[in-house]
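Undergrad: Sharing a structure here in structure tokens format.
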Amino acid sequence: MSGTLILVRHGQSEWNLKNLFTGWKNPDLTPQGIEEARATGKKLKAAGLIPTVFFTSALRRAQHTLDLILDELDITDVTIVRSKALNERDYGDLSGLNKDDA
């Protein structure tokens with residue numbers, strides 16, 4: 001059995017824009033992040049890469065990115081595995097601090 005693994009990072013989040021450690025905090029995507037996710041879906045479609053199973057973390061920014069990609073791929077009925085095991089590292093007290101302040 002063979003296949004293709006496609007890894008996609010979430011689009012820009014509200015905290016990425018502010019240069020903050022995010023970790024397990026749950027900010028959503030910025031307008032730029034939404035466009036990045038849509039562009040990824042369009043590029044996958046143009047390349048003929050249509051995955052059959054999707055995995056995402058339990059975090060809003062990752063799930064929103066996936067939803068936008070699926071929308072661009074015109075996929076509505078698909079297996080999505082959501083797991084906290086795929087969450088970004090938990091930065092604890094550093095989450096929300098500016099990287100220069102840490």
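Note on naming: chains are A, B, ... as they come in the structure tokens, residues start from 1 per chain, ligands start from 1 in the order shown.
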Could you pull out the helix (DSSP H, G or I) residues of stretch 10-78 of chain A, going by DSSP on the backbone, and write them as a PyMOL selection string?

TA: chain A and resi 14-17+31-46+60-72

Undergrad: Go ahead and save the residues from that selection, with C-alpha atoms, as a PDB file, in the first residue's frame.

TA:
ATOM      1  CA  GLU A  14      -4.518  36.229  15.308  1.00  0.00           C
ATOM      2  CA  TRP A  15      -1.619  35.511  17.651  1.00  0.00           C
ATOM      3  CA  ASN A  16       0.864  34.824  14.828  1.00  0.00           C
ATOM      4  CA  LEU A  17       0.069  38.346  13.634  1.00  0.00           C
ATOM      5  CA  PRO A  31      -8.141  37.401   7.072  1.00  0.00           C
ATOM      6  CA  GLN A  32      -4.658  36.637   5.689  1.00  0.00           C
ATOM      7  CA  GLY A  33      -4.782  33.176   7.285  1.00  0.00           C
ATOM      8  CA  ILE A  34      -8.150  32.534   5.660  1.00  0.00           C
ATOM      9  CA  GLU A  35      -6.718  33.471   2.256  1.00  0.00           C
ATOM     10  CA  GLU A  36      -3.653  31.274   2.876  1.00  0.00           C
ATOM     11  CA  ALA A  37      -5.888  28.296   3.645  1.00  0.00           C
ATOM     12  CA  ARG A  38      -8.051  28.914   0.575  1.00  0.00           C
ATOM     13  CA  ALA A  39      -4.942  29.265  -1.610  1.00  0.00           C
ATOM     14  CA  THR A  40      -3.678  25.923  -0.291  1.00  0.00           C
ATOM     15  CA  GLY A  41      -6.950  24.245  -1.238  1.00  0.00           C
ATOM     16  CA  LYS A  42      -6.798  25.776  -4.720  1.00  0.00           C
ATOM     17  CA  LYS A  43      -3.192  24.616  -5.208  1.00  0.00           C
ATOM     18  CA  LEU A  44      -4.018  21.075  -4.083  1.00  0.00           C
ATOM     19  CA  LYS A  45      -6.960  20.976  -6.480  1.00  0.00           C
ATOM     20  CA  ALA A  46      -4.919  22.364  -9.379  1.00  0.00           C
ATOM     21  CA  ARG A  60      -9.613  26.114  16.123  1.00  0.00           C
ATOM     22  CA  ARG A  61      -6.974  27.554  13.770  1.00  0.00           C
ATOM     23  CA  ALA A  62      -6.103  24.114  12.396  1.00  0.00           C
ATOM     24  CA  GLN A  63      -9.724  23.022  12.049  1.00  0.00           C
ATOM     25  CA  HIS A  64     -10.716  26.301  10.379  1.00  0.00           C
ATOM     26  CA  THR A  65      -7.800  25.907   7.944  1.00  0.00           C
ATOM     27  CA  LEU A  66      -8.967  22.388   7.100  1.00  0.00           C
ATOM     28  CA  ASP A  67     -12.574  23.530   6.632  1.00  0.00           C
ATOM     29  CA  LEU A  68     -11.447  26.185   4.144  1.00  0.00           C
ATOM     30  CA  ILE A  69      -9.256  23.713   2.248  1.00  0.00           C
ATOM     31  CA  LEU A  70     -12.133  21.230   2.040  1.00  0.00           C
ATOM     32  CA  ASP A  71     -14.395  24.005   0.767  1.00  0.00           C
ATOM     33  CA  GLU A  72     -11.931  24.805  -2.038  1.00  0.00           C
TER      34      GLU A  72
END

Undergrad: From the options A:Phe54, A:Leu73, A:Val8, A:Glu88, which residue's atoms come nearest to A:Trp24, counting only C-alpha atoms?

TA: A:Glu88

Undergrad: Report, in Å to a single decimal, how far apart atom CA of A:Ala58 and atom CA of A:Asp28 are.

TA: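 Atom CA of A:Asp28 sits 12.3 Å away from atom CA of A:Ala58.
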
Undergrad: What parts of chain A does DSSP call strand (DSSP E or B)? I'd like the answer as a list in words.

TA: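 Answer for chain A restricted to strand (DSSP E or B) is Ser13, Leu20, Leu29, Val53, Phe54, Phe55, Thr56, Thr79, Ile80, Val81, Arg82 and Asn98 of chain A.
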
Undergrad: Go ahead and compute the interatomic distance for atom CA of A:Ser13 and atom CA of A:Thr52, in Å to one decimal.

TA: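 It comes out at 26.0 Å.
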